[in-house]
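Trainee: File upload_29.cif below, mmCIF, C-alpha atoms:
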```
data_entry
#
loop_
_atom_site.label_atom_id
_atom_site.label_comp_id
_atom_site.auth_asym_id
_atom_site.auth_seq_id
_atom_site.Cartn_x
_atom_site.Cartn_y
_atom_site.Cartn_z
CA MET A 1 0.00 0.00 0.00
CA PRO A 2 1.48 3.38 -0.98
CA ASP A 3 2.42 5.89 1.71
CA PRO A 4 -0.32 8.41 2.56
CA ILE A 5 0.00 11.74 0.76
CA THR A 6 1.48 14.41 3.01
CA THR A 7 0.66 18.11 2.95
CA ALA A 8 4.22 18.79 1.78
CA GLU A 9 3.67 16.42 -1.12
CA PHE A 10 0.43 18.15 -2.09
CA GLU A 11 2.34 21.42 -2.18
CA ALA A 12 5.04 19.86 -4.33
CA TYR A 13 2.33 18.41 -6.55
CA LEU A 14 1.03 21.93 -7.20
CA ASP A 15 4.53 22.91 -8.31
CA GLU A 16 4.93 19.80 -10.49
CA ALA A 17 7.94 18.92 -8.38
CA LEU A 18 7.39 15.35 -7.18
CA PRO A 19 8.84 12.25 -8.84
CA SER A 20 6.70 11.21 -11.80
CA GLU A 21 5.38 8.04 -10.19
CA ARG A 22 4.21 9.96 -7.15
CA MET A 23 2.64 12.68 -9.33
CA ALA A 24 0.69 10.03 -11.22
CA LEU A 25 -0.40 8.38 -7.98
CA ILE A 26 -1.71 11.68 -6.62
CA GLU A 27 -3.57 12.40 -9.86
CA ALA A 28 -5.28 9.05 -9.62
CA ALA A 29 -6.07 9.57 -5.92
CA LEU A 30 -7.59 12.99 -6.64
CA ARG A 31 -9.96 11.44 -9.16
CA ASP A 32 -11.03 8.66 -6.84
CA ALA A 33 -11.33 10.57 -3.58
CA PRO A 34 -13.15 13.93 -3.59
CA GLU A 35 -12.00 14.64 -0.03
CA LEU A 36 -8.40 14.71 -1.29
CA ALA A 37 -9.38 17.24 -3.95
CA HIS A 38 -10.89 19.39 -1.21
CA GLN A 39 -7.70 19.06 0.81
CA LEU A 40 -5.62 20.12 -2.18
CA THR A 41 -7.92 23.06 -2.91
CA SER A 42 -7.58 24.17 0.68
CA ILE A 43 -3.76 23.95 0.52
CA ALA A 44 -3.72 25.92 -2.74
CA GLY A 45 -6.05 28.52 -1.22
CA ARG A 46 -3.87 28.92 1.85
CA ARG A 47 -0.84 29.37 -0.37
CA ASP A 48 -2.63 31.95 -2.48
CA ALA A 49 -3.56 33.82 0.67
CA GLY A 50 0.14 34.21 1.50
CA VAL A 51 0.76 31.41 3.99
CA HIS A 52 4.28 29.99 3.66
CA SER A 53 5.48 26.45 4.09
CA LEU A 54 9.08 25.59 4.89
CA GLY A 55 9.10 22.79 2.34
CA GLY A 56 7.78 25.13 -0.33
CA ILE A 57 10.49 27.69 0.37
CA TRP A 58 13.17 25.00 0.52
CA ARG A 59 12.08 23.47 -2.76
CA ARG A 60 11.50 26.73 -4.63
CA HIS A 61 14.91 28.09 -3.70
CA ARG A 62 16.44 24.67 -4.22
CA LEU A 63 18.32 25.11 -0.97
CA SER A 64 19.88 21.68 -0.88
CA CYS A 65 20.22 21.03 -4.61
CA PRO A 66 23.78 20.40 -5.80
CA SER A 67 25.31 22.56 -8.51
CA ARG A 68 25.56 21.23 -12.05
CA GLU A 69 29.29 20.75 -11.48
CA GLN A 70 28.63 18.67 -8.38
CA LEU A 71 26.15 16.55 -10.33
CA GLY A 72 28.86 16.06 -12.95
CA GLY A 73 31.26 14.99 -10.20
CA TYR A 74 28.64 12.56 -8.93
CA LEU A 75 28.20 11.11 -12.40
CA LEU A 76 31.94 10.58 -12.74
CA GLY A 77 32.21 9.23 -9.21
CA VAL A 78 34.78 11.77 -8.12
CA LEU A 79 32.96 13.30 -5.16
CA GLU A 80 34.00 12.67 -1.61
CA PRO A 81 32.05 9.54 -0.54
CA SER A 82 29.89 11.26 2.09
CA HIS A 83 28.98 14.01 -0.38
CA GLY A 84 28.23 11.40 -3.04
CA ASP A 85 26.01 9.53 -0.59
CA TYR A 86 24.11 12.72 0.10
CA LEU A 87 23.54 13.34 -3.61
CA LYS A 88 22.28 9.79 -4.01
CA PHE A 89 19.83 10.45 -1.18
CA HIS A 90 18.72 13.76 -2.72
CA LEU A 91 18.15 12.10 -6.09
CA GLU A 92 16.74 8.76 -5.08
CA THR A 93 15.12 9.17 -1.68
CA VAL A 94 13.86 12.75 -1.90
CA GLY A 95 13.46 12.32 -5.66
CA CYS A 96 14.33 15.89 -6.69
CA ARG A 97 12.84 16.20 -10.18
CA TYR A 98 15.08 19.08 -11.24
CA CYS A 99 18.33 17.41 -10.25
CA THR A 100 17.21 14.09 -11.70
CA ALA A 101 16.52 15.81 -15.03
CA SER A 102 19.84 17.60 -14.93
CA LEU A 103 21.65 14.36 -14.19
CA ALA A 104 19.83 12.59 -17.04
CA ASP A 105 20.96 15.35 -19.38
CA LEU A 106 24.55 15.07 -18.16
CA GLU A 107 24.44 11.31 -18.65
CA ALA A 108 23.14 11.75 -22.19
CA GLN A 109 25.87 14.27 -22.95
CA HIS A 110 28.51 12.01 -21.45
CA GLU A 111 27.19 9.10 -23.47
CA THR A 112 27.28 11.16 -26.66
CA SER A 113 30.77 12.47 -26.05
CA THR A 114 32.28 9.08 -25.18
CA GLY A 115 29.97 6.88 -27.24
CA GLY A 116 29.64 4.83 -24.05
CA GLN A 117 33.05 3.46 -24.91
CA SER A 118 34.86 1.31 -22.42
CA LYS A 119 37.98 -0.79 -22.47
CA GLY A 120 37.92 -4.11 -24.31
CA GLN A 121 35.19 -3.22 -26.80
CA SER A 122 35.43 -4.59 -30.29
CA LYS A 123 35.79 -2.41 -33.37
CA GLY A 124 32.28 -3.42 -34.43
CA GLN A 125 30.87 -2.22 -31.12
CA SER A 126 32.74 1.08 -31.43
CA ALA A 127 31.47 1.66 -34.96
CA GLY A 128 27.91 0.95 -33.88
CA GLN A 129 28.23 3.34 -31.00
CA SER A 130 29.68 6.04 -33.25
CA ALA A 131 26.64 5.76 -35.50
CA GLY A 132 24.32 6.00 -32.50
CA GLN A 133 26.32 8.92 -31.16
CA SER A 134 26.01 10.73 -34.46
CA ALA A 135 22.25 10.09 -34.67
CA SER A 136 21.79 11.35 -31.16
CA GLY A 137 23.79 14.49 -31.96
CA ASP A 138 21.70 15.06 -35.10
CA GLU A 139 18.46 14.71 -33.16
CA ALA A 140 19.60 17.26 -30.60
CA ALA A 141 20.68 19.68 -33.34
CA SER A 142 17.33 19.28 -35.08
CA ARG A 143 15.41 19.89 -31.84
CA ARG A 144 17.42 22.97 -31.01
CA ASN A 145 16.86 24.35 -34.48
CA LYS A 146 13.11 23.78 -34.10
CA TYR A 147 13.08 25.55 -30.73
CA PHE A 148 15.01 28.47 -32.17
CA GLN A 149 12.80 28.82 -35.24
CA SER A 150 9.59 28.76 -33.21
CA SER A 151 10.76 31.29 -30.64
CA ALA A 152 13.16 33.68 -32.35
CA GLY A 153 10.25 35.94 -33.32
CA TYR A 154 9.84 36.78 -29.63
CA LEU A 155 13.37 38.18 -29.32
CA SER A 156 13.08 41.90 -28.79
CA MET B 1 3.15 22.62 -31.80
CA GLN B 2 1.07 24.78 -29.51
CA PRO B 3 -0.17 28.17 -30.75
CA ALA B 4 2.12 31.05 -29.82
CA PRO B 5 0.89 32.90 -26.76
CA THR B 6 -0.27 36.45 -27.11
CA ARG B 7 2.31 38.96 -25.99
CA ARG B 8 1.34 40.62 -22.74
CA GLN B 9 2.50 43.93 -21.41
CA PRO B 10 3.74 44.12 -17.83
CA ASP B 11 1.36 46.04 -15.54
CA SER B 12 4.38 47.20 -13.59
CA PRO B 13 7.87 45.79 -14.18
CA ARG B 14 8.83 46.33 -10.54
CA HIS B 15 5.78 44.56 -9.20
CA ALA B 16 5.97 41.82 -11.79
CA ARG B 17 9.61 41.24 -10.86
CA LYS B 18 8.75 40.96 -7.19
CA MET B 19 6.14 38.38 -8.05
CA ALA B 20 8.69 36.51 -10.08
CA ASP B 21 11.26 36.66 -7.30
CA SER B 22 9.14 34.57 -5.01
CA LEU B 23 9.27 31.66 -7.43
CA ALA B 24 12.93 31.65 -8.26
CA ASP B 25 16.13 30.78 -6.50
CA SER B 26 17.16 33.66 -4.29
CA ARG B 27 20.82 32.93 -4.02
CA PRO B 28 22.52 35.99 -5.43
CA GLU B 29 25.50 35.34 -7.61
CA ARG B 30 27.99 37.83 -8.85
CA THR B 31 28.17 38.44 -12.59
CA ASN B 32 28.22 35.01 -14.13
CA PRO B 33 27.94 33.59 -17.65
CA ASP B 34 24.18 33.17 -17.32
CA GLN B 35 23.71 36.84 -16.41
CA LEU B 36 25.72 37.89 -19.44
CA LEU B 37 23.82 35.46 -21.64
CA VAL B 38 20.45 36.83 -20.49
CA GLU B 39 21.68 40.39 -21.01
CA GLU B 40 22.58 39.56 -24.61
CA ILE B 41 19.18 37.93 -25.13
CA ARG B 42 17.53 41.06 -23.78
CA GLN B 43 19.42 42.93 -26.47
CA GLY B 44 17.85 40.60 -29.03
CA LYS B 45 21.00 38.74 -30.05
CA PRO B 46 20.08 35.50 -31.84
CA ASP B 47 23.45 33.87 -31.07
CA ALA B 48 22.85 34.23 -27.37
CA TRP B 49 19.40 32.72 -27.70
CA THR B 50 20.87 29.79 -29.62
CA ARG B 51 23.40 29.26 -26.83
CA LEU B 52 20.75 29.32 -24.11
CA ILE B 53 18.66 26.76 -25.98
CA ALA B 54 21.68 24.51 -26.48
CA GLN B 55 22.65 24.79 -22.83
CA TYR B 56 19.28 24.10 -21.26
CA GLU B 57 17.06 22.16 -23.66
CA GLY B 58 18.45 18.76 -22.66
CA ARG B 59 17.61 19.09 -18.97
CA LEU B 60 14.21 20.67 -19.67
CA LEU B 61 13.36 17.86 -22.05
CA ALA B 62 14.46 15.28 -19.47
CA PHE B 63 12.28 17.03 -16.86
CA VAL B 64 9.18 16.99 -19.07
CA GLU B 65 9.81 13.59 -20.54
CA SER B 66 10.17 11.91 -17.17
CA ARG B 67 6.51 12.78 -16.64
CA LEU B 68 5.05 12.23 -20.09
CA SER B 69 6.87 9.00 -20.78
CA TYR B 70 5.66 7.54 -17.51
CA ARG B 71 2.92 5.88 -19.50
CA LYS B 72 4.67 4.42 -22.49
CA GLY B 73 3.76 5.31 -26.03
CA GLY B 74 4.81 8.14 -28.27
CA ARG B 75 5.17 11.03 -25.85
CA ARG B 76 8.44 12.37 -27.27
CA ALA B 77 6.79 14.85 -29.64
CA ALA B 78 4.53 16.11 -26.86
CA SER B 79 7.53 16.59 -24.58
CA GLU B 80 9.30 18.60 -27.23
CA ASP B 81 6.20 20.76 -27.70
CA VAL B 82 6.10 21.53 -23.97
CA VAL B 83 9.78 22.49 -23.98
CA GLN B 84 9.15 24.65 -27.03
CA ASP B 85 6.35 26.43 -25.16
CA ALA B 86 8.68 26.87 -22.19
CA PHE B 87 11.29 28.62 -24.32
CA ILE B 88 8.66 30.93 -25.78
CA GLY B 89 7.38 31.50 -22.24
CA PHE B 90 10.88 32.45 -21.15
CA LEU B 91 11.15 35.13 -23.82
CA THR B 92 7.70 36.56 -23.14
CA SER B 93 8.37 36.65 -19.39
CA LEU B 94 11.88 38.10 -19.74
CA PRO B 95 10.80 41.50 -18.33
CA ASN B 96 10.00 39.67 -15.06
CA TYR B 97 13.26 37.79 -14.80
CA ASP B 98 15.71 38.99 -12.18
CA SER B 99 19.21 38.14 -13.39
CA ARG B 100 20.42 37.59 -9.83
CA ARG B 101 18.33 34.46 -9.81
CA ARG B 102 19.49 31.09 -10.96
CA LEU B 103 18.54 30.81 -14.62
CA GLU B 104 18.08 27.05 -14.47
CA SER B 105 15.49 27.35 -11.69
CA TRP B 106 13.57 29.98 -13.63
CA LEU B 107 13.49 27.81 -16.75
CA PHE B 108 12.40 24.75 -14.77
CA SER B 109 9.56 26.72 -13.16
CA ILE B 110 8.30 27.84 -16.57
CA ALA B 111 8.58 24.30 -17.94
CA ALA B 112 6.65 23.01 -14.92
CA HIS B 113 3.82 25.45 -15.58
CA LYS B 114 3.68 24.56 -19.26
CA LEU B 115 3.69 20.88 -18.40
CA THR B 116 0.84 21.43 -15.95
CA ASP B 117 -1.14 23.16 -18.69
CA TYR B 118 -0.49 20.29 -21.07
CA LEU B 119 -1.53 17.64 -18.55
CA ARG B 120 -4.68 19.55 -17.74
CA ARG B 121 -5.60 19.82 -21.42
CA GLU B 122 -5.01 16.09 -21.76
CA GLY B 123 -7.34 15.45 -18.85
CA ARG B 124 -4.65 13.84 -16.73
CA ARG B 125 -4.36 16.60 -14.18
CA PRO B 126 -7.49 17.78 -12.39
CA ALA B 127 -7.83 21.57 -12.34
CA ILE B 128 -7.70 23.27 -8.96
CA PRO B 129 -10.31 26.02 -8.84
CA LEU B 130 -9.51 29.59 -7.73
CA SER B 131 -5.78 29.02 -7.50
CA THR B 132 -3.02 31.13 -9.01
CA GLY B 133 -0.41 28.54 -8.17
CA ASP B 134 -1.30 25.85 -10.66
CA GLY B 135 -0.45 26.21 -14.32
CA SER B 136 0.54 29.05 -16.61
CA SER B 137 -1.81 31.45 -14.93
CA GLY B 138 0.48 31.14 -11.92
CA ASN B 139 2.53 34.02 -10.65
CA TRP B 140 5.70 33.38 -12.65
CA GLU B 141 3.99 35.45 -15.31
CA LEU B 142 2.15 38.70 -14.92
CA VAL B 143 -0.61 39.71 -12.60
CA GLY B 144 -3.75 37.61 -12.95
CA ARG B 145 -6.97 38.97 -14.30
CA ALA B 146 -9.20 38.08 -11.43
CA ARG B 147 -7.60 40.22 -8.74
CA LYS B 148 -6.69 43.87 -8.54
CA ALA B 149 -3.06 44.49 -9.49
CA SER B 150 -2.41 46.69 -6.47
CA SER B 151 -3.49 44.08 -3.93
CA ILE B 152 -1.55 41.29 -5.66
CA ALA B 153 1.58 43.40 -5.95
CA ARG B 154 1.46 44.48 -2.32
CA SER B 155 0.95 40.97 -0.99
CA GLY B 156 3.50 39.64 -3.48
CA GLU B 157 6.11 42.11 -2.33
CA ARG B 158 5.66 41.29 1.33
CA ARG B 159 5.47 37.60 0.61
CA GLY B 160 8.74 37.87 -1.31
CA LEU B 161 10.50 39.44 1.65
CA GLU B 162 9.24 36.78 4.06
CA ASP B 163 10.17 34.04 1.64
CA GLU B 164 13.68 35.42 1.16
CA ALA B 165 14.29 35.84 4.88
CA ILE B 166 13.38 32.24 5.70
CA ALA B 167 15.27 30.91 2.68
CA GLU B 168 18.41 32.72 3.85
CA GLY B 169 17.96 31.36 7.36
CA ILE B 170 17.62 27.78 6.13
CA GLN B 171 20.44 28.20 3.68
CA GLY B 172 22.79 29.45 6.39
CA GLN B 173 22.06 26.35 8.41
CA ILE B 174 22.57 24.04 5.44
CA ALA B 175 25.84 25.76 4.52
CA LYS B 176 27.16 25.24 8.03
CA TRP B 177 26.29 21.54 8.01
CA ARG B 178 27.73 21.11 4.53
CA GLN B 179 30.98 22.64 5.67
CA GLU B 180 31.07 20.33 8.67
CA GLY B 181 30.19 17.34 6.50
CA ASP B 182 27.10 16.80 8.63
CA TRP B 183 24.98 15.49 5.80
CA LYS B 184 22.65 13.51 8.02
CA LYS B 185 21.19 16.70 9.52
CA ILE B 186 20.41 18.02 6.05
CA GLN B 187 18.85 14.68 5.13
CA CYS B 188 16.77 14.67 8.28
CA LEU B 189 15.32 18.14 7.70
CA GLU B 190 14.80 17.49 4.02
CA LEU B 191 12.69 14.44 4.84
CA LEU B 192 10.79 16.29 7.56
CA PHE B 193 9.99 19.45 5.65
CA VAL B 194 10.41 18.82 1.93
CA ALA B 195 8.92 15.31 1.94
CA GLY B 196 6.72 16.03 4.97
CA GLN B 197 7.48 12.70 6.61
CA PRO B 198 6.72 12.08 10.29
CA ASN B 199 9.53 11.88 12.86
CA LYS B 200 9.20 8.13 13.26
CA LYS B 201 9.64 7.40 9.58
CA VAL B 202 12.55 9.81 9.27
CA ALA B 203 14.25 8.19 12.25
CA ALA B 204 13.89 4.75 10.69
CA GLU B 205 15.09 5.93 7.29
CA LEU B 206 18.22 7.59 8.68
CA GLU B 207 18.90 5.16 11.50
CA MET B 208 18.47 7.84 14.14
CA SER B 209 16.44 7.75 17.32
CA GLU B 210 13.10 9.52 17.30
CA GLN B 211 14.43 11.70 20.11
CA GLN B 212 17.37 12.81 17.95
CA VAL B 213 15.01 13.69 15.12
CA ALA B 214 12.71 15.59 17.48
CA ASN B 215 15.62 17.53 19.00
CA LEU B 216 17.01 18.50 15.61
CA LYS B 217 13.58 19.59 14.43
CA PHE B 218 13.03 21.66 17.56
CA ASP B 219 16.41 23.42 17.26
CA PHE B 220 15.85 24.14 13.58
CA LEU B 221 12.37 25.58 14.15
CA GLU B 222 13.58 27.59 17.14
CA ARG B 223 16.26 29.26 14.98
CA LEU B 224 13.65 30.17 12.40
CA ARG B 225 11.27 31.48 15.07
CA ASN B 226 14.07 33.73 16.32
CA LEU B 227 14.67 34.90 12.79
CA VAL B 228 10.98 35.73 12.33
CA ARG B 229 11.01 37.61 15.63
CA ASN B 230 14.24 39.51 14.92
CA GLN B 231 13.15 40.53 11.45
CA ARG B 232 9.68 41.46 12.71
CA LEU B 233 7.93 39.18 10.24
CA SER B 234 4.36 38.10 10.76
CA GLU B 235 4.10 34.84 12.69
CA ASP B 236 0.71 34.16 11.15
CA VAL B 237 2.12 33.33 7.74
CA PHE B 238 4.48 30.63 9.06
CA PRO B 239 2.08 28.26 10.85
CA GLU B 240 4.55 25.35 10.78
CA LEU B 241 6.89 27.23 13.10
CA TYR B 242 4.29 27.39 15.84
CA GLU B 243 2.56 24.05 15.56
CA GLY B 244 2.69 21.87 18.70
#
```
Before we go any further, please render this structure as structure tokens.
Mentor:
Amino acid sequence: MPDPITTAEFEAYLDEALPSERMALIEAALRDAPELAHQLTSIAGRRDAGVHSLGGIWRRHRLSCPSREQLGGYLLGVLEPSHGDYLKFHLETVGCRYCTASLADLEAQHETSTGGQSKGQSKGQSAGQSAGQSASGDEAASRRNKYFQSSAGYLS
Amino acid sequence: MQPAPTRRQPDSPRHARKMADSLADSRPERTNPDQLLVEEIRQGKPDAWTRLIAQYEGRLLAFVESRLSYRKGGRRAASEDVVQDAFIGFLTSLPNYDSRRRLESWLFSIAAHKLTDYLRREGRRPAIPLSTGDGSSGNWELVGRARKASSIARSGERRGLEDEAIAEGIQGQIAKWRQEGDWKKIQCLELLFVAGQPNKKVAAELEMSEQQVANLKFDFLERLRNLVRNQRLSEDVFPELYEG
């Protein structure tokens, strides 16, 4: 049975800041249980009226989020062990969506730049990875071009 | 692709910026590459805009995709559309952006609002009535239509100050523990306040006694209560600090 939804989680839900599985669970719960929808409406109303929550402030200011460089260090396994353990906790136990996304991006970039190459791979494997690497780079370039074309008109 | 949003004029740049401040990271940073990049974008330089897109689109796409690909099946195009809307949203909300803020946090908050809009249109996310904090009508943009600008701006300004004061207080505490390598205290408070878990569960998760958790929580809240008192902030807007 899943853990009950806490007030802090409802607040994070409003900010689209919970891990995806938990977000989906809350969406389903809101449909099935009208009393939860009332609870959420009340939390949103209190927030709109200017009441603060410590979790909301913490999350919004990302007070314990690592820097991008620290996430890179975590990915490469070069952080001091206790710091690395904390990042693992922040990513996996707290489930910080922003840091998880940033780490996924770093992993994708790392994969593209190295082709996922490791010692002892055959030439065939390397060639296959190069092709994949190139395709992935092309996709990113195409996406970026699309984003630019659709938004450049808004540049002042 | 979603239709381009209508350009909106700021009711008051100062007030709009204050509203924006409350949603973004408050840690001031001295002139950094992101500040310079945003300045160039404000000047309308396409190269700078290209660089920002290249720098941030990957993490924004990962953020959106983690949610839309939760149920398998062809969500990639939708994710890209949401990110596209977020970039357009960034440009249209640029007058509200305070360059002292962390650019990544600002972009994530816009992407989160666009994602919320998308999920609501798809029928996955139930709408919350009478709330400004859910979706693109939220206060990362300009003043809402339903309330008078003066009242919103006044409450937003005060709310921003309260928010900043508490954020600085918490951050000071976290910085001290980081420096001392006392990660467990940060973990404990993160579980208590960010995840909202009860003392007992936190104690079990971190292999601490419930008494240790309770003591740490009390000390932390006491520091913040002192801060509220010293800065003459209203106690009424921080109910958690005064709960049994």
Trainee: Taking all atoms listed in the file into account, name the residue in B:Asp182, B:Ala195, B:Ala203, B:Ala48 that is nearest to Pro4 (chain A).
Mentor: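 Nearest candidate to Pro4 (chain A) out of B:Asp182, B:Ala195, B:Ala203, B:Ala48: B:Ala195.
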Trainee: For chain A versus chain B, which residues have an atom no more than 6 Å away, and what is each residue's nearest atom pair and distance in Å rounded to one decimal, using only C-alpha atoms, chain-then-number order, as JSON lines?
Mentor:
```
{"residue": "A:Thr6", "atom": "CA", "partner": "B:Gly196", "partner_atom": "CA", "distance": 5.8}
{"residue": "A:Ala8", "atom": "CA", "partner": "B:Gly196", "partner_atom": "CA", "distance": 4.9}
{"residue": "A:Leu14", "atom": "CA", "partner": "B:Asp134", "partner_atom": "CA", "distance": 5.7}
{"residue": "A:Glu16", "atom": "CA", "partner": "B:Ala112", "partner_atom": "CA", "distance": 5.7}
{"residue": "A:Ser20", "atom": "CA", "partner": "B:Arg67", "partner_atom": "CA", "distance": 5.1}
{"residue": "A:Val51", "atom": "CA", "partner": "B:Val237", "partner_atom": "CA", "distance": 4.4}
{"residue": "A:His52", "atom": "CA", "partner": "B:Phe238", "partner_atom": "CA", "distance": 5.4}
{"residue": "A:Gly55", "atom": "CA", "partner": "B:Val194", "partner_atom": "CA", "distance": 4.2}
{"residue": "A:His61", "atom": "CA", "partner": "B:Asp25", "partner_atom": "CA", "distance": 4.1}
{"residue": "A:Leu63", "atom": "CA", "partner": "B:Gln171", "partner_atom": "CA", "distance": 6.0}
{"residue": "A:Ala101", "atom": "CA", "partner": "B:Phe63", "partner_atom": "CA", "distance": 4.8}
{"residue": "A:Ser102", "atom": "CA", "partner": "B:Arg59", "partner_atom": "CA", "distance": 4.8}
{"residue": "A:Asp105", "atom": "CA", "partner": "B:Arg59", "partner_atom": "CA", "distance": 5.0}
{"residue": "A:Tyr147", "atom": "CA", "partner": "B:Gln84", "partner_atom": "CA", "distance": 5.5}
{"residue": "A:Ser151", "atom": "CA", "partner": "B:Ile88", "partner_atom": "CA", "distance": 5.3}
{"residue": "A:Leu155", "atom": "CA", "partner": "B:Gly44", "partner_atom": "CA", "distance": 5.1}
{"residue": "A:Ser156", "atom": "CA", "partner": "B:Gly44", "partner_atom": "CA", "distance": 4.9}
```
Trainee: Which of these, A:Asp85, A:Glu21, A:Glu69, A:Glu11, has the shortest distance to Ser42 (chain A) once you count all atoms listed in the file?
Mentor: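 Closest candidate: A:Glu11.
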Trainee: Would you kindly translate the PyMOL selection byres ((chain A and resi 70-78) around 9) into the concrete residues it picks from this file, as a VMD selection string?
Mentor: chain A and resid 66 to 69 79 to 81 83 to 84 87 to 88 99 102 to 103 106 to 107
Trainee: So how many Å separate CA of Thr7 (chain A) and CA of Ile43 (chain A), to one decimal?
Mentor: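 That distance, rounded to one decimal, is 7.7 Å.
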Trainee: For CA of Gly137 (chain A) and CA of Ala108 (chain A), quote the distance in Å rounded to one decimal.
Mentor: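 Atom-to-atom, CA of Gly137 (chain A) to CA of Ala108 (chain A), that is 10.2 Å.
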